[in-house]
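To be precise, the following lines are start19.txt, and they hold compact mmCIF, C-alpha atoms and all ligand atoms.
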```txt
# COMPACT_ATOMS: atom_id res chain seq x y z
CA MET A 1 103.37 99.90 104.09
CA PRO A 2 105.34 96.96 105.54
CA GLN A 3 105.25 93.77 103.52
CA SER A 4 103.50 90.76 104.97
CA ASP A 5 105.56 87.90 106.38
CA HIS A 6 104.26 85.74 103.58
CA LYS A 7 105.51 88.06 100.84
CA LEU A 8 108.89 88.38 102.53
CA ILE A 9 109.23 84.61 102.86
CA GLU A 10 108.35 84.16 99.22
CA ALA A 11 110.95 86.73 98.21
CA PHE A 12 113.51 85.18 100.53
CA GLN A 13 112.99 81.74 99.06
CA GLN A 14 113.47 83.16 95.61
CA GLY A 15 116.90 84.32 96.68
CA ASP A 16 116.15 87.84 97.90
CA GLU A 17 118.44 88.24 100.89
CA PHE A 18 116.92 91.61 101.75
CA ALA A 19 113.70 89.84 102.59
CA PHE A 20 115.53 87.80 105.21
CA VAL A 21 117.00 90.97 106.71
CA ALA A 22 113.51 92.49 106.81
CA LEU A 23 112.18 89.42 108.64
CA TYR A 24 115.14 89.55 110.99
CA ASN A 25 114.57 93.21 111.77
CA ARG A 26 110.89 92.57 112.33
CA TYR A 27 111.34 89.70 114.76
CA LYS A 28 114.74 90.02 116.38
CA GLY A 29 113.37 92.10 119.26
CA PRO A 30 110.46 89.79 120.14
CA VAL A 31 112.65 86.69 119.86
CA TYR A 32 115.34 88.28 121.99
CA ALA A 33 112.76 89.29 124.61
CA PHE A 34 111.36 85.78 124.68
CA CYS A 35 114.81 84.22 125.09
CA ALA A 36 115.79 86.77 127.72
CA LYS A 37 112.77 85.98 129.87
CA MET A 38 113.08 82.23 129.36
CA LEU A 39 116.78 82.11 130.15
CA LEU A 40 116.94 85.09 132.52
CA ASP A 41 120.34 85.92 131.14
CA ARG A 42 120.62 88.49 128.38
CA ALA A 43 124.04 87.45 127.15
CA VAL A 44 122.93 83.84 126.70
CA ALA A 45 119.67 85.08 125.18
CA GLN A 46 121.64 86.94 122.51
CA ASP A 47 123.46 83.73 121.58
CA VAL A 48 120.24 81.75 121.47
CA MET A 49 118.54 84.42 119.38
CA GLN A 50 121.46 84.30 116.99
CA GLU A 51 121.19 80.53 116.74
CA THR A 52 117.46 80.82 116.10
CA PHE A 53 117.86 83.08 113.08
CA VAL A 54 120.67 80.98 111.69
CA ARG A 55 118.31 77.98 111.89
CA VAL A 56 115.65 79.98 110.08
CA TYR A 57 118.13 80.78 107.35
CA GLU A 58 119.26 77.19 107.07
CA ASN A 59 115.71 75.88 106.93
CA ARG A 60 114.34 78.48 104.54
CA GLN A 61 113.07 75.85 102.11
CA ARG A 62 110.67 74.61 104.78
CA LEU A 63 109.25 78.07 105.38
CA MET A 64 106.35 77.90 102.95
CA LYS A 65 105.12 74.71 104.51
CA VAL A 66 104.59 76.29 107.91
CA GLY A 67 101.30 78.01 108.62
CA SER A 68 102.56 81.00 110.51
CA PHE A 69 106.11 82.27 110.32
CA LYS A 70 105.82 83.85 113.75
CA SER A 71 104.73 80.59 115.39
CA TRP A 72 107.44 78.65 113.58
CA LEU A 73 110.07 81.18 114.60
CA PHE A 74 109.05 81.09 118.26
CA THR A 75 108.96 77.31 118.13
CA ILE A 76 112.60 77.30 117.06
CA ALA A 77 113.49 79.85 119.72
CA ARG A 78 111.60 77.89 122.35
CA ASN A 79 113.37 74.64 121.47
CA GLN A 80 116.71 76.42 121.62
CA CYS A 81 115.83 77.84 125.01
CA LEU A 82 114.68 74.51 126.40
CA ASN A 83 117.83 72.80 125.13
CA ASN A 84 119.92 75.49 126.72
CA LEU A 85 118.08 75.21 130.03
CA ARG A 86 118.44 71.44 130.00
CA ARG A 87 122.13 71.61 129.25
CA SER A 88 122.98 74.28 131.74
CA LYS A 89 120.45 73.35 134.42
CA ARG A 90 120.53 77.05 134.97
CA HIS A 91 119.01 78.44 138.07
CA THR A 92 119.91 82.08 138.18
CA LYS A 93 121.33 83.34 141.42
CA PHE A 94 120.03 86.74 142.34
CA ASP A 95 121.90 89.07 144.59
CA GLU A 96 120.48 88.41 148.02
CA THR A 97 121.32 91.78 149.41
CA ALA A 98 120.73 93.99 146.44
CA ALA A 99 117.43 95.72 146.85
CA ASP A 100 116.04 96.43 150.24
CA VAL A 101 112.81 98.31 149.86
CA GLN A 102 112.35 101.41 151.89
CA VAL A 103 108.95 101.79 153.48
CA PHE A 104 106.96 104.94 152.83
CA ASP A 105 103.32 105.59 153.56
CA GLY A 106 100.58 105.35 151.01
CA GLU A 107 101.89 103.34 148.10
CA THR A 108 102.09 99.60 147.70
CA PRO A 109 105.54 98.06 148.19
CA PHE A 110 105.52 97.22 144.50
CA ALA A 111 104.89 100.80 143.43
CA ARG A 112 107.84 101.90 145.55
CA LEU A 113 110.24 99.75 143.62
CA MET A 114 112.30 101.26 140.86
CA LYS A 115 111.50 99.93 137.39
CA ALA A 116 114.68 97.86 137.40
CA GLU A 117 113.75 96.39 140.78
CA GLN A 118 110.31 95.47 139.52
CA VAL A 119 111.97 93.68 136.62
CA GLU A 120 114.30 91.91 139.02
CA LEU A 121 111.39 90.84 141.19
CA VAL A 122 109.58 89.47 138.16
CA ASN A 123 112.74 87.65 137.10
CA ARG A 124 112.93 86.06 140.52
CA PHE A 125 109.42 84.82 140.09
CA LEU A 126 110.09 83.49 136.57
CA ASN A 127 113.18 81.77 137.90
CA GLU A 128 111.00 79.85 140.33
CA LEU A 129 108.67 78.67 137.58
CA SER A 130 109.42 75.49 135.70
CA PRO A 131 109.97 76.06 131.96
CA GLU A 132 106.58 74.68 130.93
CA TYR A 133 104.82 77.31 133.02
CA ARG A 134 107.34 80.02 132.28
CA GLU A 135 107.03 79.69 128.53
CA VAL A 136 103.26 80.14 128.40
CA LEU A 137 103.37 83.13 130.71
CA VAL A 138 106.21 84.76 128.77
CA LEU A 139 104.62 84.11 125.38
CA ARG A 140 101.34 85.54 126.61
CA GLU A 141 102.58 88.54 128.58
CA TYR A 142 105.75 89.59 126.79
CA GLN A 143 104.95 88.49 123.23
CA ASN A 144 101.19 89.00 123.40
CA LEU A 145 100.59 85.70 121.63
CA SER A 146 97.04 84.32 121.54
CA TYR A 147 96.14 80.99 123.12
CA ASP A 148 96.12 79.44 119.65
CA GLU A 149 99.56 80.78 118.83
CA ILE A 150 100.99 79.62 122.17
CA ALA A 151 99.48 76.17 121.58
CA SER A 152 101.16 76.08 118.18
CA VAL A 153 104.55 77.20 119.53
CA THR A 154 104.53 74.82 122.48
CA ARG A 155 102.98 71.93 120.54
CA ASN A 156 100.10 71.69 122.93
CA THR A 157 96.34 71.97 123.00
CA VAL A 158 94.66 75.27 123.72
CA SER A 159 93.05 73.86 126.85
CA SER A 160 96.44 72.73 128.14
CA VAL A 161 97.87 76.18 127.40
CA LYS A 162 95.07 77.84 129.36
CA SER A 163 95.48 75.44 132.24
CA ARG A 164 99.21 76.09 132.48
CA LEU A 165 98.81 79.83 132.02
CA PHE A 166 96.17 80.13 134.72
CA LYS A 167 98.25 78.01 137.10
CA ALA A 168 101.31 80.13 136.42
CA ARG A 169 99.26 83.20 137.24
CA ARG A 170 98.01 81.58 140.44
CA LYS A 171 101.64 81.13 141.47
CA LEU A 172 102.28 84.70 140.41
CA GLY A 173 99.45 85.81 142.68
CA GLN A 174 100.96 84.00 145.64
CA PHE A 175 104.37 85.46 144.91
CA LEU A 176 103.46 89.02 144.13
CA GLN A 177 100.48 89.69 146.33
CA PRO A 178 102.39 90.97 149.37
CA TRP A 179 103.98 93.47 147.02
CA VAL A 180 100.87 94.61 145.27
CA GLU A 181 98.59 94.91 148.27
CA PRO A 182 99.06 98.07 150.28
CA GLU A 183 100.93 98.00 153.56
CA GLY A 184 99.45 95.40 155.92
CA ASP A 185 96.45 95.01 153.68
CA HIS A 186 97.35 91.82 151.96
CA PRO A 187 94.79 89.08 152.30
CA ASP A 188 97.21 86.72 154.01
CA ALA A 189 96.79 88.43 157.35
CA GLU A 190 96.41 85.88 160.10
CA ASN A 191 93.87 87.69 162.18
CA PRO A 192 91.41 89.50 160.01
CA ASP A 193 90.17 91.79 162.73
CA SER A 194 93.51 92.96 164.02
CA GLU A 195 95.16 96.17 162.94
CA PRO A 196 97.35 95.92 159.86
CA GLU A 197 100.86 94.74 160.59
CA PRO A 198 102.74 98.05 160.72
CA HIS A 199 106.16 96.71 159.75
CA HIS A 200 105.33 94.38 156.94
CA LYS A 201 108.29 95.10 154.78
CA PRO A 202 108.82 92.93 151.76
CA VAL A 203 112.35 92.94 150.49
CA LEU A 204 113.64 91.43 147.32
CA ARG A 205 115.62 88.85 149.21
CA ARG A 206 112.47 87.37 150.71
CA VAL A 207 112.41 85.04 147.75
CA SER A 208 115.73 83.50 147.05
CA MET B 1 78.65 92.87 152.10
CA THR B 2 78.72 96.55 152.60
CA GLU B 3 80.27 97.44 149.29
CA SER B 4 78.03 98.64 146.56
CA ASN B 5 77.74 96.98 143.22
CA ASP B 6 78.20 100.16 141.27
CA GLY B 7 81.11 98.85 139.27
CA TYR B 8 84.60 97.79 140.13
CA ASP B 9 87.43 100.18 140.77
CA PRO B 10 90.73 98.28 140.80
CA MET B 11 92.42 101.08 142.70
CA LYS B 12 89.89 101.04 145.51
CA LYS B 13 91.13 99.27 148.61
CA SER B 14 88.96 98.26 151.49
CA SER B 15 89.39 96.58 154.80
CA GLU B 16 87.49 93.69 153.28
CA ALA B 17 90.68 92.59 151.60
CA ARG B 18 91.94 91.52 155.02
CA ARG B 19 89.00 89.23 155.53
CA THR B 20 89.74 86.97 152.62
CA LYS B 21 92.26 84.33 151.77
CA THR B 22 94.92 84.76 149.11
CA MET B 23 93.02 83.07 146.32
CA CYS B 24 89.35 82.96 145.62
CA ALA B 25 87.98 79.48 146.28
CA ASP B 26 85.80 79.71 143.23
CA ARG B 27 87.85 78.59 140.22
CA HIS B 28 85.06 79.64 137.90
CA PHE B 29 85.77 83.29 138.58
CA GLU B 30 89.49 82.78 138.44
CA ARG B 31 88.97 81.43 134.95
CA LEU B 32 86.75 84.35 133.97
CA LEU B 33 89.32 86.78 135.31
CA ASN B 34 92.12 85.16 133.31
CA LEU B 35 90.06 85.18 130.15
CA TYR B 36 89.16 88.80 130.73
CA VAL B 37 92.79 89.83 131.19
CA ASP B 38 93.60 88.04 127.93
CA GLY B 39 90.79 89.75 126.06
CA GLU B 40 89.07 86.40 125.58
CA LEU B 41 86.03 86.81 127.79
CA PRO B 42 82.86 87.36 125.74
CA SER B 43 81.19 90.63 126.63
CA GLY B 44 78.08 88.74 127.67
CA GLU B 45 80.02 87.13 130.54
CA GLN B 46 81.81 90.26 131.72
CA ALA B 47 78.92 91.50 133.86
CA GLU B 48 79.10 88.28 135.87
CA LEU B 49 82.81 88.80 136.48
CA PHE B 50 82.42 92.46 137.47
CA ALA B 51 79.60 91.61 139.85
CA HIS B 52 81.87 89.05 141.50
CA LEU B 53 84.83 91.44 141.63
CA SER B 54 82.71 94.00 143.41
CA MET B 55 82.18 91.48 146.21
CA CYS B 56 85.39 89.43 146.26
CA ALA B 57 88.54 91.02 147.62
CA ALA B 58 90.68 88.00 146.74
CA CYS B 59 89.78 88.25 143.08
CA ARG B 60 90.36 92.00 143.13
CA ALA B 61 93.78 91.41 144.67
CA HIS B 62 94.53 88.81 142.01
CA PHE B 63 93.39 91.23 139.33
CA ASN B 64 95.79 93.84 140.69
CA VAL B 65 98.65 91.34 140.59
CA LEU B 66 97.91 90.46 136.98
CA LEU B 67 97.77 94.13 136.03
CA ALA B 68 101.02 94.89 137.84
CA PHE B 69 102.74 92.03 136.06
CA ARG B 70 101.32 93.09 132.71
CA LEU B 71 102.63 96.60 133.27
CA VAL B 72 106.14 95.39 134.06
CA SER B 73 106.17 92.99 131.12
CA ARG B 74 105.09 95.66 128.64
CA GLN B 75 107.51 98.27 129.95
CA GLU B 76 110.71 96.25 129.94
CA THR B 77 112.84 97.09 126.94
CA PHE B 78 114.79 94.62 124.87
CA VAL B 79 117.24 96.10 122.41
CA VAL B 80 119.36 93.72 120.44
CA PRO B 81 122.95 94.96 120.61
CA PRO B 82 124.50 95.82 117.22
CA ALA B 83 127.23 93.29 117.94
CA THR B 84 124.59 90.55 117.97
CA ASP B 85 123.22 91.75 114.61
CA GLU B 86 126.72 91.57 113.24
CA ALA B 87 127.28 88.13 114.69
CA VAL B 88 124.07 86.83 113.09
CA PHE B 89 125.01 88.12 109.64
CA ALA B 90 128.59 86.99 109.97
CA ARG B 91 127.36 83.47 110.68
CA ILE B 92 124.97 83.59 107.76
CA ASP B 93 127.78 84.86 105.61
CA ARG B 94 129.86 81.85 106.63
CA LEU B 95 126.91 79.58 105.89
CA ARG B 96 126.69 80.93 102.37
CA ARG B 97 130.35 80.24 101.84
CA ALA B 98 130.38 76.81 103.40
CA PRO B 99 130.57 74.08 100.76
CA ARG B 100 127.42 72.04 100.63
CA SER B 101 125.95 70.28 97.66
CA VAL B 102 127.16 71.21 94.19
CA LEU B 103 123.70 72.57 93.51
CA HIS B 104 123.88 74.84 96.53
CA ARG B 105 127.36 75.96 95.61
CA VAL B 106 126.26 76.93 92.13
CA SER B 107 123.22 78.83 93.32
CA GLU B 108 125.17 80.57 96.05
CA ARG B 109 127.88 81.64 93.66
CA ARG B 110 125.19 83.15 91.53
CA PHE B 111 123.52 85.04 94.35
CA PHE B 112 126.37 85.94 96.65
CA GLY B 113 129.40 86.26 94.47
CA GLY B 114 131.31 88.77 96.54
CA GLN B 115 131.10 89.93 100.12
CA ILE B 116 132.42 93.26 101.28
CA HIS B 117 131.93 94.47 104.80
CA GLY B 118 132.69 98.11 105.28
CA ARG B 119 131.37 101.27 106.78
CA VAL B 120 129.57 104.15 105.16
CA SER B 121 128.50 107.34 106.85
CA PHE B 122 124.98 107.52 108.16
CA ARG B 123 124.39 110.68 106.17
CA SER B 124 125.35 109.16 102.88
CA ALA B 125 123.35 106.01 103.59
CA LEU B 126 120.34 108.11 104.50
CA LEU B 127 120.81 110.22 101.42
CA ALA B 128 121.05 107.08 99.35
CA ALA B 129 117.86 105.78 100.92
CA VAL B 130 116.01 108.98 100.10
CA VAL B 131 117.37 109.06 96.58
CA LEU B 132 116.48 105.42 96.06
CA ILE B 133 113.02 105.76 97.46
CA VAL B 134 112.21 108.93 95.51
CA PHE B 135 113.88 108.16 92.20
CA GLY B 136 114.29 104.43 92.46
CA LEU B 137 117.78 104.63 91.01
CA ALA B 138 121.22 104.86 90.63
CA VAL B 139 124.24 105.65 92.71
CA ARG B 140 125.78 103.74 95.60
CA PRO B 141 126.85 106.09 98.37
CA ASN B 142 130.49 106.69 99.11
CA PRO B 143 131.63 103.99 101.51
CA THR B 144 134.12 106.24 103.29
CA PRO B 145 133.98 105.84 107.06
CA ASP B 146 132.84 108.95 108.90
CA ALA B 147 134.12 109.35 112.44
CA THR B 148 131.36 111.81 113.34
CA ALA B 149 128.63 109.25 112.75
CA SER B 150 129.79 107.02 115.57
CA THR B 151 126.40 106.63 117.25
CA TYR B 152 125.07 104.83 114.21
CA HIS B 153 126.54 101.62 113.10
CA VAL B 154 126.26 101.19 109.38
CA THR B 155 127.27 97.97 107.78
CA GLU B 156 127.33 97.73 104.03
CA THR B 157 126.95 94.32 102.57
CA VAL B 158 127.48 94.12 98.84
CA ILE B 159 126.28 91.10 97.01
CA ASP B 160 126.57 90.82 93.29
CA ASP B 161 123.00 91.80 92.65
CA GLY B 162 122.69 94.68 95.07
CA ALA B 163 123.92 96.57 98.10
CA LEU B 164 122.44 96.43 101.54
CA TYR B 165 122.94 98.87 104.37
CA ILE B 166 122.21 97.75 107.88
CA ILE B 167 122.09 100.79 110.15
CA GLY B 168 122.15 99.67 113.74
CA PRO B 169 119.83 99.23 115.34
CA GLY B 170 117.02 97.99 113.20
CA VAL B 171 117.17 100.01 109.99
CA THR B 172 117.89 98.35 106.72
CA VAL B 173 118.32 100.21 103.47
CA GLU B 174 118.33 98.40 100.22
CA GLY B 175 120.66 99.63 97.57
CA LYS B 176 120.21 99.38 93.85
CA ARG B 177 120.72 96.10 92.17
CA LEU B 178 123.85 96.26 90.13
CA GLY B 179 123.98 95.24 86.54
CA ARG B 180 125.96 92.17 85.78
ZN ZN A 301 86.61 85.66 143.90
```
The structure in this file should be written as structure tokens.
Amino acid sequence: MPQSDHKLIEAFQQGDEFAFVALYNRYKGPVYAFCAKMLLDRAVAQDVMQETFVRVYENRQRLMKVGSFKSWLFTIARNQCLNNLRRSKRHTKFDETAADVQVFDGETPFARLMKAEQVELVNRFLNELSPEYREVLVLREYQNLSYDEIASVTRNTVSSVKSRLFKARRKLGQFLQPWVEPEGDHPDAENPDSEPEPHHKPVLRRVS
Amino acid sequence: MTESNDGYDPMKKSSEARRTKTMCADRHFERLLNLYVDGELPSGEQAELFAHLSMCAACRAHFNVLLAFRLVSRQETFVVPPATDEAVFARIDRLRRAPRSVLHRVSERRFFGGQIHGRVSFRSALLAAVVLIVFGLAVRPNPTPDATASTYHVTETVIDDGALYIIGPGVTVEGKRLGR
């Protein structure tokens, strides 16, 4: 049975380096995923993840004072990500011509995308979101953190977390709806009684 | 409304979707939908949401978007490259060696007297793991590199009170603590 975070932290603070490696192996994937979706650049995310665990190691004496290791860890990762975004003012450029979606009957445009194209589309959306909206959405959807945990990581109230999360999802709805509604069936249609637009053809470059 | 209230089927599409605007004007149901998607909507309030979904194409469309996004987010894979693992432990290794306070230096000398980075074969590390788990003892595996085990990256870190095998990606095997 895997040891609890608490036991591992205790062992780590008493000088057991294996406990640190166990914590690293437990959380490296989630932290990397968080950084990758915040920064939208996997190479930079690897560096930031690295920095995060080095900080954990350096600050090990503070570990027992934090309520939840997971929240503390994501707080460090989040601060690293925000610093990185501030420094680089990164706004990822996506290939404008990469993925033209072929139109077939029956499925939604979204379902016709390859997995990698769906990921790219989602990345385009995240890229449009400001970091304060992006972080709550990523922590909720990719890390499956609760409202309480997100509030702890982002140093915010639960009600503010919910407000930002729901707004981020509203933006997501506006962005993704043409892709998720079936051909010509999206609720944006100008004239509700007309036939569905036969050549509605979302392509990835529609959002640059 | 011509649709029945016999429950909501997220896959069911109707021409009604075309008669609505992108977002439901009623923020109350948007909130309920968000809470539901997050598993935070009390069961007592779910009937109210489902009744609304059965009548509101905009909320159904929004629900579909949230589900599509959830699916993509849960399916994307994130594998930390072994090189990143190595970089993390190399930096920590440097940290241990870096002179800090006298107190730190003393304690670090005690805990991390020697550092050896080498390669051992996956088979011998696995064997060692089994032996250690079953018998809780004794022998460090032979650290000879094995060219046939190239798909696994095994890093042995020896500190003066034990050996540690990091088998990329994500497997760590503790060796026996050595006597001093
Ligand atoms: Zn509605």
Problem set entry | Protein and nucleic acid residues within 6 Å of ligand ZN 301 (chain A) (only C-alpha atoms and all ligand atoms) as number ranges by chain | B: 24, 29, 56, 58-59
Atoms to include: C-alpha atoms. Write the selected residues as a short mmCIF file (atom, residue, chain, number, x, y, z; two decimals), keeping the file's coordinate frame.
```
data_model
loop_
_atom_site.label_atom_id
_atom_site.label_comp_id
_atom_site.auth_asym_id
_atom_site.auth_seq_id
_atom_site.Cartn_x
_atom_site.Cartn_y
_atom_site.Cartn_z
CA CYS B 24 89.35 82.96 145.62
CA PHE B 29 85.77 83.29 138.58
CA CYS B 56 85.39 89.43 146.26
CA ALA B 58 90.68 88.00 146.74
CA CYS B 59 89.78 88.25 143.08
#
```
Problem set entry | Contact residues (chain A, partner chain B, 8 Å, all atoms listed in the file) as an MDAnalysis selection string | chainID A and resid 15 18 21:22 25 28:29 32:33 46:47 50:51 53:54 57 115 118:119 122 141:142 166 169:170 172:174 176:177 180:181 185:189 192:193
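Counting from atom CA of Val158 of chain A, the distance to atom CA of Glu128 of chain A is 23.7 Å.
Computed from the coordinates, the atom CA of Ser4 of chain A to atom CA of Asn144 of chain A distance equals 18.7 Å.
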Problem set entry | Ala151 of chain A surroundings by only C-alpha atoms, 12 Å radius, close-in-sequence under 2 positions cut, as a ChimeraX atom specification | /A:71-72,74-75,132,135-136,139-140,145-149,153-165
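The interatomic distance for the pair atom CA of Ala77 of chain A and atom CA of Val37 of chain B works out to 25.7 Å.
Comparing the minimum interatomic distances between Lys89 of chain A and each of A:Ser130, A:Thr52, A:Ser152, A:Ser68, counting all atoms listed in the file, we find that A:Ser130 sits nearest.
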Reconstruct segment 40-53 of chain B at the level of N, CA, C and O atoms, and format the result as a PDB file, keeping the file's coordinate frame.
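File written: part05.pdb
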```
ATOM      1  N   GLU B  40      89.766  87.557 126.144  1.00  0.00           N
ATOM      2  CA  GLU B  40      89.070  86.400 125.580  1.00  0.00           C
ATOM      3  C   GLU B  40      87.717  86.141 126.227  1.00  0.00           C
ATOM      4  O   GLU B  40      87.092  85.130 125.952  1.00  0.00           O
ATOM      5  N   LEU B  41      87.308  87.024 127.124  1.00  0.00           N
ATOM      6  CA  LEU B  41      86.030  86.810 127.790  1.00  0.00           C
ATOM      7  C   LEU B  41      84.921  87.503 126.991  1.00  0.00           C
ATOM      8  O   LEU B  41      84.969  88.722 126.805  1.00  0.00           O
ATOM      9  N   PRO B  42      83.949  86.739 126.505  1.00  0.00           N
ATOM     10  CA  PRO B  42      82.860  87.360 125.740  1.00  0.00           C
ATOM     11  C   PRO B  42      82.179  88.444 126.565  1.00  0.00           C
ATOM     12  O   PRO B  42      82.043  88.295 127.788  1.00  0.00           O
ATOM     13  N   SER B  43      81.754  89.500 125.888  1.00  0.00           N
ATOM     14  CA  SER B  43      81.190  90.630 126.630  1.00  0.00           C
ATOM     15  C   SER B  43      79.965  90.222 127.433  1.00  0.00           C
ATOM     16  O   SER B  43      79.689  90.786 128.503  1.00  0.00           O
ATOM     17  N   GLY B  44      79.257  89.212 126.955  1.00  0.00           N
ATOM     18  CA  GLY B  44      78.080  88.740 127.670  1.00  0.00           C
ATOM     19  C   GLY B  44      78.394  88.178 129.054  1.00  0.00           C
ATOM     20  O   GLY B  44      77.537  88.139 129.927  1.00  0.00           O
ATOM     21  N   GLU B  45      79.651  87.732 129.258  1.00  0.00           N
ATOM     22  CA  GLU B  45      80.020  87.130 130.540  1.00  0.00           C
ATOM     23  C   GLU B  45      80.757  88.117 131.452  1.00  0.00           C
ATOM     24  O   GLU B  45      81.098  87.782 132.588  1.00  0.00           O
ATOM     25  N   GLN B  46      81.013  89.313 130.934  1.00  0.00           N
ATOM     26  CA  GLN B  46      81.810  90.260 131.720  1.00  0.00           C
ATOM     27  C   GLN B  46      81.035  90.795 132.924  1.00  0.00           C
ATOM     28  O   GLN B  46      81.617  91.025 133.982  1.00  0.00           O
ATOM     29  N   ALA B  47      79.714  90.970 132.753  1.00  0.00           N
ATOM     30  CA  ALA B  47      78.920  91.500 133.860  1.00  0.00           C
ATOM     31  C   ALA B  47      79.010  90.564 135.070  1.00  0.00           C
ATOM     32  O   ALA B  47      79.128  91.018 136.218  1.00  0.00           O
ATOM     33  N   GLU B  48      79.000  89.268 134.798  1.00  0.00           N
ATOM     34  CA  GLU B  48      79.100  88.280 135.870  1.00  0.00           C
ATOM     35  C   GLU B  48      80.424  88.434 136.620  1.00  0.00           C
ATOM     36  O   GLU B  48      80.469  88.413 137.855  1.00  0.00           O
ATOM     37  N   LEU B  49      81.496  88.626 135.852  1.00  0.00           N
ATOM     38  CA  LEU B  49      82.810  88.800 136.480  1.00  0.00           C
ATOM     39  C   LEU B  49      82.849  90.083 137.313  1.00  0.00           C
ATOM     40  O   LEU B  49      83.323  90.080 138.456  1.00  0.00           O
ATOM     41  N   PHE B  50      82.359  91.179 136.750  1.00  0.00           N
ATOM     42  CA  PHE B  50      82.420  92.460 137.470  1.00  0.00           C
ATOM     43  C   PHE B  50      81.587  92.410 138.749  1.00  0.00           C
ATOM     44  O   PHE B  50      81.975  92.967 139.773  1.00  0.00           O
ATOM     45  N   ALA B  51      80.436  91.738 138.657  1.00  0.00           N
ATOM     46  CA  ALA B  51      79.600  91.610 139.850  1.00  0.00           C
ATOM     47  C   ALA B  51      80.366  90.860 140.939  1.00  0.00           C
ATOM     48  O   ALA B  51      80.346  91.235 142.117  1.00  0.00           O
ATOM     49  N   HIS B  52      81.096  89.826 140.518  1.00  0.00           N
ATOM     50  CA  HIS B  52      81.870  89.050 141.500  1.00  0.00           C
ATOM     51  C   HIS B  52      83.025  89.896 142.057  1.00  0.00           C
ATOM     52  O   HIS B  52      83.279  89.892 143.265  1.00  0.00           O
ATOM     53  N   LEU B  53      83.701  90.609 141.177  1.00  0.00           N
ATOM     54  CA  LEU B  53      84.830  91.440 141.630  1.00  0.00           C
ATOM     55  C   LEU B  53      84.387  92.468 142.667  1.00  0.00           C
ATOM     56  O   LEU B  53      85.127  92.781 143.603  1.00  0.00           O
TER      57      LEU B  53
END
```
